[in-house]
$ cat my_file_9.cif   # mmCIF, C-alpha atoms, pLDDT in the B column; chains and numbers go by the auth columns
data_start
#
loop_
_atom_site.group_PDB
_atom_site.id
_atom_site.type_symbol
_atom_site.label_atom_id
_atom_site.label_comp_id
_atom_site.label_asym_id
_atom_site.label_seq_id
_atom_site.Cartn_x
_atom_site.Cartn_y
_atom_site.Cartn_z
_atom_site.B_iso_or_equiv
_atom_site.auth_seq_id
_atom_site.auth_asym_id
ATOM 1 C CA GLU A 1 -18.397 -13.727 71.864 77.00 1 D
ATOM 2 C CA PRO A 2 -15.171 -11.690 71.736 80.00 2 D
ATOM 3 C CA GLU A 3 -15.630 -7.949 71.482 90.00 3 D
ATOM 4 C CA VAL A 4 -13.688 -4.891 70.489 94.00 4 D
ATOM 5 C CA THR A 5 -13.835 -2.489 73.418 95.00 5 D
ATOM 6 C CA GLN A 6 -13.584 1.268 73.044 96.00 6 D
ATOM 7 C CA THR A 7 -13.179 3.844 75.777 95.00 7 D
ATOM 8 C CA PRO A 8 -14.482 6.350 76.565 95.00 8 D
ATOM 9 C CA SER A 9 -17.912 6.089 74.988 94.00 9 D
ATOM 10 C CA HIS A 10 -18.208 9.868 74.906 96.00 10 D
ATOM 11 C CA GLN A 11 -15.545 12.539 75.254 97.00 11 D
ATOM 12 C CA VAL A 12 -15.930 16.280 75.226 97.00 12 D
ATOM 13 C CA THR A 13 -12.812 18.348 74.683 97.00 13 D
ATOM 14 C CA GLN A 14 -11.825 21.932 74.126 97.00 14 D
ATOM 15 C CA MET A 15 -10.615 22.930 70.702 97.00 15 D
ATOM 16 C CA GLY A 16 -6.839 22.701 70.537 97.00 16 D
ATOM 17 C CA GLN A 17 -6.588 20.007 73.191 97.00 17 D
ATOM 18 C CA GLU A 18 -5.098 16.578 72.625 97.00 18 D
ATOM 19 C CA VAL A 19 -7.299 13.523 72.911 98.00 19 D
ATOM 20 C CA ILE A 20 -6.511 9.851 72.987 97.00 20 D
ATOM 21 C CA LEU A 21 -9.157 7.365 72.002 97.00 21 D
ATOM 22 C CA ARG A 22 -8.575 3.858 73.250 97.00 22 D
ATOM 23 C CA CYS A 23 -9.414 0.498 71.806 97.00 23 D
ATOM 24 C CA VAL A 24 -8.802 -3.061 72.882 96.00 24 D
ATOM 25 C CA PRO A 25 -9.017 -5.275 69.794 94.00 25 D
ATOM 26 C CA ILE A 26 -9.770 -8.970 69.902 92.00 26 D
ATOM 27 C CA SER A 27 -6.662 -10.709 71.177 87.00 27 D
ATOM 28 C CA ASN A 28 -5.803 -12.937 68.219 86.00 28 D
ATOM 29 C CA HIS A 29 -6.591 -10.340 65.586 89.00 29 D
ATOM 30 C CA LEU A 30 -3.782 -9.001 63.457 88.00 30 D
ATOM 31 C CA TYR A 31 -5.286 -6.101 61.522 90.00 31 D
ATOM 32 C CA PHE A 32 -6.523 -2.935 63.164 93.00 32 D
ATOM 33 C CA TYR A 33 -8.443 0.014 61.835 95.00 33 D
ATOM 34 C CA TRP A 34 -9.901 3.363 62.754 97.00 34 D
ATOM 35 C CA TYR A 35 -12.935 4.812 60.997 97.00 35 D
ATOM 36 C CA ARG A 36 -14.962 7.896 61.746 96.00 36 D
ATOM 37 C CA GLN A 37 -18.546 8.903 61.149 92.00 37 D
ATOM 38 C CA ILE A 38 -19.502 12.549 61.222 91.00 38 D
ATOM 39 C CA LEU A 39 -23.116 12.868 62.342 85.00 39 D
ATOM 40 C CA GLY A 40 -25.460 11.965 59.511 78.00 40 D
ATOM 41 C CA GLN A 41 -22.665 11.209 57.074 82.00 41 D
ATOM 42 C CA LYS A 42 -20.949 8.119 55.800 85.00 42 D
ATOM 43 C CA VAL A 43 -18.428 6.046 57.681 92.00 43 D
ATOM 44 C CA GLU A 44 -14.949 7.026 56.500 94.00 44 D
ATOM 45 C CA PHE A 45 -11.679 5.137 56.642 95.00 45 D
ATOM 46 C CA LEU A 46 -8.901 6.771 58.616 97.00 46 D
ATOM 47 C CA VAL A 47 -6.067 4.288 58.998 96.00 47 D
ATOM 48 C CA SER A 48 -5.142 0.622 58.951 93.00 48 D
ATOM 49 C CA PHE A 49 -2.404 -0.921 61.071 93.00 49 D
ATOM 50 C CA TYR A 50 -0.628 -4.226 60.721 89.00 50 D
ATOM 51 C CA ASN A 51 2.589 -5.652 62.092 87.00 51 D
ATOM 52 C CA ASN A 52 3.143 -2.586 64.260 89.00 52 D
ATOM 53 C CA GLU A 53 3.015 -0.088 61.471 92.00 53 D
ATOM 54 C CA ILE A 54 0.535 1.891 59.447 94.00 54 D
ATOM 55 C CA SER A 55 -0.333 0.016 56.272 91.00 55 D
ATOM 56 C CA GLU A 56 -2.577 2.677 54.782 92.00 56 D
ATOM 57 C CA LYS A 57 -3.976 6.041 55.780 94.00 57 D
ATOM 58 C CA SER A 58 -6.533 8.306 54.222 94.00 58 D
ATOM 59 C CA GLU A 59 -6.109 11.972 53.378 93.00 59 D
ATOM 60 C CA ILE A 60 -8.123 12.743 56.503 93.00 60 D
ATOM 61 C CA PHE A 61 -5.348 11.198 58.602 96.00 61 D
ATOM 62 C CA ASP A 62 -3.006 14.167 58.560 93.00 62 D
ATOM 63 C CA ASP A 63 -0.154 15.072 60.889 94.00 63 D
ATOM 64 C CA GLN A 64 -2.589 15.805 63.706 96.00 64 D
ATOM 65 C CA PHE A 65 -3.444 12.115 63.923 97.00 65 D
ATOM 66 C CA SER A 66 -1.332 9.229 65.113 97.00 66 D
ATOM 67 C CA VAL A 67 -1.906 5.624 66.108 97.00 67 D
ATOM 68 C CA GLU A 68 -0.061 3.385 68.454 94.00 68 D
ATOM 69 C CA ARG A 69 -0.170 -0.119 69.834 91.00 69 D
ATOM 70 C CA PRO A 70 1.780 0.587 72.985 84.00 70 D
ATOM 71 C CA ASP A 71 1.546 -2.688 74.846 84.00 71 D
ATOM 72 C CA GLY A 72 0.377 -5.398 72.484 78.00 72 D
ATOM 73 C CA SER A 73 -3.232 -5.153 73.560 86.00 73 D
ATOM 74 C CA ASN A 74 -4.349 -1.530 73.297 93.00 74 D
ATOM 75 C CA PHE A 75 -4.661 0.356 70.035 95.00 75 D
ATOM 76 C CA THR A 76 -4.925 4.105 70.389 97.00 76 D
ATOM 77 C CA LEU A 77 -5.810 7.006 68.151 98.00 77 D
ATOM 78 C CA LYS A 78 -4.370 10.354 69.172 97.00 78 D
ATOM 79 C CA ILE A 79 -5.528 13.681 67.842 97.00 79 D
ATOM 80 C CA ARG A 80 -2.875 16.191 68.722 96.00 80 D
ATOM 81 C CA SER A 81 -4.756 19.494 68.485 95.00 81 D
ATOM 82 C CA THR A 82 -8.456 18.984 68.041 97.00 82 D
ATOM 83 C CA LYS A 83 -10.567 21.099 65.717 96.00 83 D
ATOM 84 C CA LEU A 84 -14.312 21.574 65.672 97.00 84 D
ATOM 85 C CA GLU A 85 -14.533 19.460 62.533 95.00 85 D
ATOM 86 C CA ASP A 86 -13.015 16.497 64.377 97.00 86 D
ATOM 87 C CA SER A 87 -16.325 16.070 66.173 97.00 87 D
ATOM 88 C CA ALA A 88 -17.524 12.642 65.089 96.00 88 D
ATOM 89 C CA MET A 89 -18.043 9.055 66.147 95.00 89 D
ATOM 90 C CA TYR A 90 -14.786 7.155 65.979 97.00 90 D
ATOM 91 C CA PHE A 91 -14.899 3.403 65.457 96.00 91 D
ATOM 92 C CA CYS A 92 -12.095 0.973 66.066 96.00 92 D
ATOM 93 C CA ALA A 93 -12.155 -2.401 64.315 94.00 93 D
ATOM 94 C CA SER A 94 -10.014 -5.478 64.097 92.00 94 D
ATOM 95 C CA SER A 95 -9.870 -8.563 61.931 88.00 95 D
ATOM 96 C CA GLU A 96 -8.276 -11.944 62.427 82.00 96 D
ATOM 97 C CA VAL A 97 -6.980 -12.290 58.944 72.00 97 D
ATOM 98 C CA THR A 98 -7.453 -10.163 55.896 63.00 98 D
ATOM 99 C CA GLY A 99 -10.735 -8.388 56.445 56.00 99 D
ATOM 100 C CA PHE A 100 -12.635 -9.930 53.599 64.00 100 D
ATOM 101 C CA THR A 101 -12.592 -13.419 55.034 67.00 101 D
ATOM 102 C CA TYR A 102 -14.815 -12.792 58.014 69.00 102 D
ATOM 103 C CA GLY A 103 -15.315 -9.063 57.926 80.00 103 D
ATOM 104 C CA TYR A 104 -14.236 -6.883 60.786 87.00 104 D
ATOM 105 C CA THR A 105 -15.366 -6.761 64.371 91.00 105 D
ATOM 106 C CA PHE A 106 -16.221 -3.184 65.220 93.00 106 D
ATOM 107 C CA GLY A 107 -16.273 -1.532 68.597 94.00 107 D
ATOM 108 C CA SER A 108 -19.236 0.517 69.788 93.00 108 D
ATOM 109 C CA GLY A 109 -17.461 3.757 69.072 94.00 109 D
ATOM 110 C CA THR A 110 -16.340 6.875 70.906 96.00 110 D
ATOM 111 C CA ARG A 111 -18.359 10.003 70.345 96.00 111 D
ATOM 112 C CA LEU A 112 -15.932 12.920 70.299 97.00 112 D
ATOM 113 C CA THR A 113 -17.340 16.385 70.745 97.00 113 D
ATOM 114 C CA VAL A 114 -14.987 19.316 70.261 97.00 114 D
ATOM 115 C CA VAL A 115 -16.248 22.601 71.710 97.00 115 D
ATOM 116 C CA ALA B 1 -11.335 5.333 43.028 81.00 1 M
ATOM 117 C CA GLN B 2 -14.205 3.231 44.263 85.00 2 M
ATOM 118 C CA THR B 3 -17.565 4.674 45.251 92.00 3 M
ATOM 119 C CA VAL B 4 -20.582 3.118 46.918 96.00 4 M
ATOM 120 C CA THR B 5 -24.058 4.600 46.563 95.00 5 M
ATOM 121 C CA GLN B 6 -27.125 3.867 48.643 96.00 6 M
ATOM 122 C CA SER B 7 -29.977 5.810 47.140 95.00 7 M
ATOM 123 C CA GLN B 8 -32.567 5.159 49.851 95.00 8 M
ATOM 124 C CA PRO B 9 -31.846 7.257 52.951 94.00 9 M
ATOM 125 C CA GLU B 10 -34.838 5.831 54.830 96.00 10 M
ATOM 126 C CA MET B 11 -37.197 2.926 54.446 97.00 11 M
ATOM 127 C CA SER B 12 -39.891 1.300 56.498 97.00 12 M
ATOM 128 C CA VAL B 13 -41.466 -2.129 56.386 98.00 13 M
ATOM 129 C CA GLN B 14 -44.190 -3.898 58.270 98.00 14 M
ATOM 130 C CA GLU B 15 -43.172 -6.669 60.596 97.00 15 M
ATOM 131 C CA ALA B 16 -43.079 -10.071 58.828 97.00 16 M
ATOM 132 C CA GLU B 17 -42.878 -8.499 55.393 98.00 17 M
ATOM 133 C CA THR B 18 -39.950 -8.386 52.970 98.00 18 M
ATOM 134 C CA VAL B 19 -37.841 -5.362 52.167 98.00 19 M
ATOM 135 C CA THR B 20 -34.998 -4.762 49.722 98.00 20 M
ATOM 136 C CA LEU B 21 -32.249 -2.215 50.275 98.00 21 M
ATOM 137 C CA SER B 22 -30.354 -0.994 47.228 98.00 22 M
ATOM 138 C CA CYS B 23 -26.638 -0.500 46.753 98.00 23 M
ATOM 139 C CA THR B 24 -24.638 0.306 43.658 98.00 24 M
ATOM 140 C CA TYR B 25 -20.917 0.722 43.376 97.00 25 M
ATOM 141 C CA ASP B 26 -18.322 1.803 40.918 96.00 26 M
ATOM 142 C CA THR B 27 -14.930 0.186 40.492 93.00 27 M
ATOM 143 C CA SER B 28 -12.453 -0.822 37.851 91.00 28 M
ATOM 144 C CA GLU B 29 -11.329 -3.789 39.939 89.00 29 M
ATOM 145 C CA SER B 30 -12.329 -7.264 38.795 87.00 30 M
ATOM 146 C CA ASN B 31 -11.845 -8.989 42.137 88.00 31 M
ATOM 147 C CA TYR B 32 -13.397 -7.512 45.243 91.00 32 M
ATOM 148 C CA TYR B 33 -15.749 -8.140 48.104 92.00 33 M
ATOM 149 C CA LEU B 34 -19.042 -6.616 49.105 94.00 34 M
ATOM 150 C CA PHE B 35 -20.603 -6.452 52.524 95.00 35 M
ATOM 151 C CA TRP B 36 -23.713 -5.343 54.317 97.00 36 M
ATOM 152 C CA TYR B 37 -23.325 -4.076 57.861 95.00 37 M
ATOM 153 C CA LYS B 38 -26.087 -3.318 60.331 95.00 38 M
ATOM 154 C CA GLN B 39 -25.750 -0.503 62.867 92.00 39 M
ATOM 155 C CA PRO B 40 -28.516 -0.652 65.469 89.00 40 M
ATOM 156 C CA PRO B 41 -29.084 2.226 67.889 82.00 41 M
ATOM 157 C CA SER B 42 -26.459 0.675 70.169 72.00 42 M
ATOM 158 C CA ARG B 43 -23.987 1.946 67.501 77.00 43 M
ATOM 159 C CA GLN B 44 -21.810 -1.128 67.013 85.00 44 M
ATOM 160 C CA MET B 45 -21.650 -2.213 63.392 89.00 45 M
ATOM 161 C CA ILE B 46 -22.388 -5.872 62.841 91.00 46 M
ATOM 162 C CA LEU B 47 -21.639 -7.866 59.715 92.00 47 M
ATOM 163 C CA VAL B 48 -24.829 -9.108 58.096 95.00 48 M
ATOM 164 C CA ILE B 49 -23.610 -10.751 54.921 95.00 49 M
ATOM 165 C CA ARG B 50 -20.674 -10.801 52.518 93.00 50 M
ATOM 166 C CA GLN B 51 -20.228 -11.639 48.852 94.00 51 M
ATOM 167 C CA GLU B 52 -17.131 -12.427 46.821 91.00 52 M
ATOM 168 C CA ALA B 53 -17.288 -10.847 43.379 91.00 53 M
ATOM 169 C CA TYR B 54 -15.928 -13.964 41.672 90.00 54 M
ATOM 170 C CA LYS B 55 -18.847 -16.039 42.938 89.00 55 M
ATOM 171 C CA GLN B 56 -21.969 -15.953 40.809 87.00 56 M
ATOM 172 C CA GLN B 57 -24.121 -17.503 43.498 93.00 57 M
ATOM 173 C CA ASN B 58 -25.834 -14.971 45.707 95.00 58 M
ATOM 174 C CA ALA B 59 -24.966 -15.149 49.396 95.00 59 M
ATOM 175 C CA THR B 60 -27.652 -15.979 51.950 96.00 60 M
ATOM 176 C CA GLU B 61 -27.648 -15.863 55.749 94.00 61 M
ATOM 177 C CA ASN B 62 -30.925 -17.020 57.232 95.00 62 M
ATOM 178 C CA ARG B 63 -33.468 -14.244 56.520 97.00 63 M
ATOM 179 C CA PHE B 64 -30.892 -12.115 54.715 98.00 64 M
ATOM 180 C CA SER B 65 -29.939 -12.577 51.084 97.00 65 M
ATOM 181 C CA VAL B 66 -28.315 -10.501 48.400 97.00 66 M
ATOM 182 C CA ASN B 67 -28.943 -9.946 44.729 97.00 67 M
ATOM 183 C CA PHE B 68 -25.492 -9.448 43.255 96.00 68 M
ATOM 184 C CA GLN B 69 -25.410 -8.223 39.674 96.00 69 M
ATOM 185 C CA LYS B 70 -21.746 -7.807 38.781 94.00 70 M
ATOM 186 C CA ALA B 71 -22.256 -6.350 35.317 94.00 71 M
ATOM 187 C CA ALA B 72 -24.680 -3.783 36.678 95.00 72 M
ATOM 188 C CA LYS B 73 -22.499 -3.199 39.761 96.00 73 M
ATOM 189 C CA SER B 74 -25.482 -3.701 41.983 97.00 74 M
ATOM 190 C CA PHE B 75 -25.615 -5.387 45.385 97.00 75 M
ATOM 191 C CA SER B 76 -29.020 -5.265 47.047 98.00 76 M
ATOM 192 C CA LEU B 77 -29.969 -6.738 50.402 98.00 77 M
ATOM 193 C CA LYS B 78 -33.254 -8.542 50.901 98.00 78 M
ATOM 194 C CA ILE B 79 -34.599 -9.025 54.399 98.00 79 M
ATOM 195 C CA SER B 80 -37.395 -11.573 54.621 98.00 80 M
ATOM 196 C CA ASP B 81 -39.847 -11.910 57.471 98.00 81 M
ATOM 197 C CA SER B 82 -38.727 -8.557 58.916 98.00 82 M
ATOM 198 C CA GLN B 83 -38.480 -8.367 62.691 97.00 83 M
ATOM 199 C CA LEU B 84 -38.536 -5.396 65.035 96.00 84 M
ATOM 200 C CA GLY B 85 -34.900 -6.125 65.850 94.00 85 M
ATOM 201 C CA ASP B 86 -33.974 -5.445 62.225 96.00 86 M
ATOM 202 C CA THR B 87 -34.572 -1.740 62.840 96.00 87 M
ATOM 203 C CA ALA B 88 -31.158 -0.177 62.220 96.00 88 M
ATOM 204 C CA MET B 89 -28.964 1.719 59.818 94.00 89 M
ATOM 205 C CA TYR B 90 -27.679 -0.551 57.058 97.00 90 M
ATOM 206 C CA PHE B 91 -24.397 0.174 55.309 96.00 91 M
ATOM 207 C CA CYS B 92 -23.187 -1.338 52.082 97.00 92 M
ATOM 208 C CA ALA B 93 -19.407 -1.629 51.849 95.00 93 M
ATOM 209 C CA PHE B 94 -16.811 -2.433 49.202 94.00 94 M
ATOM 210 C CA MET B 95 -13.361 -3.922 49.718 91.00 95 M
ATOM 211 C CA LYS B 96 -10.676 -4.545 47.114 86.00 96 M
ATOM 212 C CA GLN B 97 -9.229 -8.040 47.085 79.00 97 M
ATOM 213 C CA ALA B 98 -5.685 -6.727 47.129 74.00 98 M
ATOM 214 C CA GLY B 99 -4.432 -3.958 49.348 70.00 99 M
ATOM 215 C CA THR B 100 -4.946 -3.055 52.948 70.00 100 M
ATOM 216 C CA TYR B 101 -8.498 -4.346 53.294 79.00 101 M
ATOM 217 C CA LYS B 102 -10.155 -1.048 54.013 88.00 102 M
ATOM 218 C CA TYR B 103 -13.848 -0.569 53.469 92.00 103 M
ATOM 219 C CA ILE B 104 -15.491 2.020 51.294 93.00 104 M
ATOM 220 C CA PHE B 105 -18.932 2.573 52.806 95.00 105 M
ATOM 221 C CA GLY B 106 -22.119 3.934 51.361 95.00 106 M
ATOM 222 C CA THR B 107 -24.093 6.619 53.145 93.00 107 M
ATOM 223 C CA GLY B 108 -26.457 4.110 54.714 94.00 108 M
ATOM 224 C CA THR B 109 -30.172 3.330 54.675 96.00 109 M
ATOM 225 C CA ARG B 110 -32.144 3.780 57.865 96.00 110 M
ATOM 226 C CA LEU B 111 -34.634 0.926 58.106 97.00 111 M
ATOM 227 C CA LYS B 112 -37.570 0.991 60.474 97.00 112 M
ATOM 228 C CA VAL B 113 -39.627 -2.118 61.042 97.00 113 M
ATOM 229 C CA LEU B 114 -43.170 -1.291 62.079 97.00 114 M
ATOM 230 C CA ALA B 115 -45.241 -3.411 64.435 95.00 115 M
#

$ encode --input "my_file_9.cif" --output "structure tokens"
Amino acid sequence: EPEVTQTPSHQVTQMGQEVILRCVPISNHLYFYWYRQILGQKVEFLVSFYNNEISEKSEIFDDQFSVERPDGSNFTLKIRSTKLEDSAMYFCASSEVTGFTYGYTFGSGTRLTVV
Amino acid sequence: AQTVTQSQPEMSVQEAETVTLSCTYDTSESNYYLFWYKQPPSRQMILVIRQEAYKQQNATENRFSVNFQKAAKSFSLKISDSQLGDTAMYFCAFMKQAGTYKYIFGTGTRLKVLA
């Protein structure tokens, strides 16, 4: 069964450093998403991406965050200058059509620890 | 704004028995979709079941079924014949019919199936 692949599975970074979280969505999917889950809290929407542009972003997704689909297969989330409160599990997801038809396929997540 | 509430942080059930996980939501939308996702310890979220708000018939997927009460804004998940592999965090999620297809998640219910 096709999978959404996220790398790395765990990343530790110094506060103020830039990190790039990588995702390879399912190849025929058109909609891409990033969510995050702070330990013990709910899963929160960050951004959705369609047709090579952001279609919606949450208030969490400030100027420190950016997304890119650089080569038609990868989908990356960049955090420009990490803060302690960015420590969380970050999930990438994709959907073939509008997400309500079949739901999303989620990746296994990247645990980001900012020290 | 939409909200999703899961009032049971943790539950346990004996193997082979039935358990019901609660979810309520608040929205002014008339057309929307509701989902249950399972997040086992491996972390990847997996779609369990989905329900269209315009359908009165409750969705079922094998041992999983929902009790959708639109007027009460309630969407509970029933797991019959519980198996050890059902041990996971379960998230209820809401999606508007129109828009960018983002999920609003509840805080989750941690379910443990006991042998």

$ interface_residues --input "my_file_9.cif" --of "chain D" --to "chain M" --cutoff "12 Å" --atoms "all atoms listed in the file" --output "number ranges by chain"
D: 3-6, 9, 31-50, 54-58, 89-111

$ atom_distance --input "my_file_9.cif" --atom1 "atom CA of D:Pro2" --atom2 "atom CA of M:Pro40"
18.4 Å

$ axis_aligned_box --input "my_file_9.cif" --around "stretch 21-25 of chain M" --padding-each-side "3 Å" --output "lines of an AutoDock Vina configuration file"
center_x = -26.6
center_y = -0.7
center_z = 46.8
size_x = 17.3
size_y = 8.9
size_z = 12.9

$ closest_residue --input "my_file_9.cif" --among "M:Val4, M:Val113, M:Cys92, M:Ala16" --to "M:Ser76" --atoms "all atoms listed in the file"
M:Cys92

$ resolve_selection --input "my_file_9.cif" --expression "the PyMOL selection byres ((chain M and resi 7) around 9)" --output "number ranges by chain"
M: 5-6, 8-9, 21-24, 107-109

$ write_last_selection --input "my_file_9.cif" --atoms "C-alpha atoms" --output "PDB file, in the frame of the given file"
ATOM      1  CA  THR M   5     -24.058   4.600  46.563  1.00 95.00           C
ATOM      2  CA  GLN M   6     -27.125   3.867  48.643  1.00 96.00           C
ATOM      3  CA  GLN M   8     -32.567   5.159  49.851  1.00 95.00           C
ATOM      4  CA  PRO M   9     -31.846   7.257  52.951  1.00 94.00           C
ATOM      5  CA  LEU M  21     -32.249  -2.215  50.275  1.00 98.00           C
ATOM      6  CA  SER M  22     -30.354  -0.994  47.228  1.00 98.00           C
ATOM      7  CA  CYS M  23     -26.638  -0.500  46.753  1.00 98.00           C
ATOM      8  CA  THR M  24     -24.638   0.306  43.658  1.00 98.00           C
ATOM      9  CA  THR M 107     -24.093   6.619  53.145  1.00 93.00           C
ATOM     10  CA  GLY M 108     -26.457   4.110  54.714  1.00 94.00           C
ATOM     11  CA  THR M 109     -30.172   3.330  54.675  1.00 96.00           C
TER      12      THR M 109
END

$ closest_residue --input "my_file_9.cif" --among "M:Arg63, M:Lys112, M:Lys70, M:Lys78" --to "M:Asp26" --atoms "only C-alpha atoms"
M:Lys70

$ atom_distance --input "my_file_9.cif" --atom1 "atom CA of D:Leu30" --atom2 "atom CA of D:Val67"
15.0 Å

$ atom_distance --input "my_file_9.cif" --atom1 "atom CA of D:Glu53" --atom2 "atom CA of D:Val12"
28.6 Å

$ residues_around --input "my_file_9.cif" --residues "stretch 79-82 of chain M" --least-positions-apart "4" --cutoff "12 Å" --atoms "all atoms listed in the file" --output "CSV table (one decimal) with C-alpha atoms, keeping the file's coordinate frame"
chain,number,residue,atom,x,y,z
M,12,SER,CA,-39.9,1.3,56.5
M,13,VAL,CA,-41.5,-2.1,56.4
M,14,GLN,CA,-44.2,-3.9,58.3
M,15,GLU,CA,-43.2,-6.7,60.6
M,16,ALA,CA,-43.1,-10.1,58.8
M,17,GLU,CA,-42.9,-8.5,55.4
M,18,THR,CA,-40.0,-8.4,53.0
M,19,VAL,CA,-37.8,-5.4,52.2
M,20,THR,CA,-35.0,-4.8,49.7
M,21,LEU,CA,-32.2,-2.2,50.3
M,22,SER,CA,-30.4,-1.0,47.2
M,36,TRP,CA,-23.7,-5.3,54.3
M,38,LYS,CA,-26.1,-3.3,60.3
M,48,VAL,CA,-24.8,-9.1,58.1
M,49,ILE,CA,-23.6,-10.8,54.9
M,60,THR,CA,-27.7,-16.0,52.0
M,61,GLU,CA,-27.6,-15.9,55.7
M,62,ASN,CA,-30.9,-17.0,57.2
M,63,ARG,CA,-33.5,-14.2,56.5
M,64,PHE,CA,-30.9,-12.1,54.7
M,65,SER,CA,-29.9,-12.6,51.1
M,66,VAL,CA,-28.3,-10.5,48.4
M,67,ASN,CA,-28.9,-9.9,44.7
M,86,ASP,CA,-34.0,-5.4,62.2
M,87,THR,CA,-34.6,-1.7,62.8
M,88,ALA,CA,-31.2,-0.2,62.2
M,90,TYR,CA,-27.7,-0.6,57.1
M,111,LEU,CA,-34.6,0.9,58.1
M,112,LYS,CA,-37.6,1.0,60.5
M,113,VAL,CA,-39.6,-2.1,61.0
M,114,LEU,CA,-43.2,-1.3,62.1
M,115,ALA,CA,-45.2,-3.4,64.4

$ residues_around --input "my_file_9.cif" --residues "stretch 72-81 of chain D" --least-positions-apart "3" --cutoff "7 Å" --atoms "all atoms listed in the file" --output "list of chain:residue names"
D:Gly16, D:Gln17, D:Glu18, D:Val19, D:Ile20, D:Leu21, D:Arg22, D:Cys23, D:Val24, D:Pro25, D:Ser27, D:Gln64, D:Phe65, D:Ser66, D:Val67, D:Glu68, D:Arg69

$ closest_residue --input "my_file_9.cif" --among "M:Gln83, M:Thr27, M:Ser74, M:Gln69" --to "M:Lys55" --atoms "all atoms listed in the file"
M:Gln69
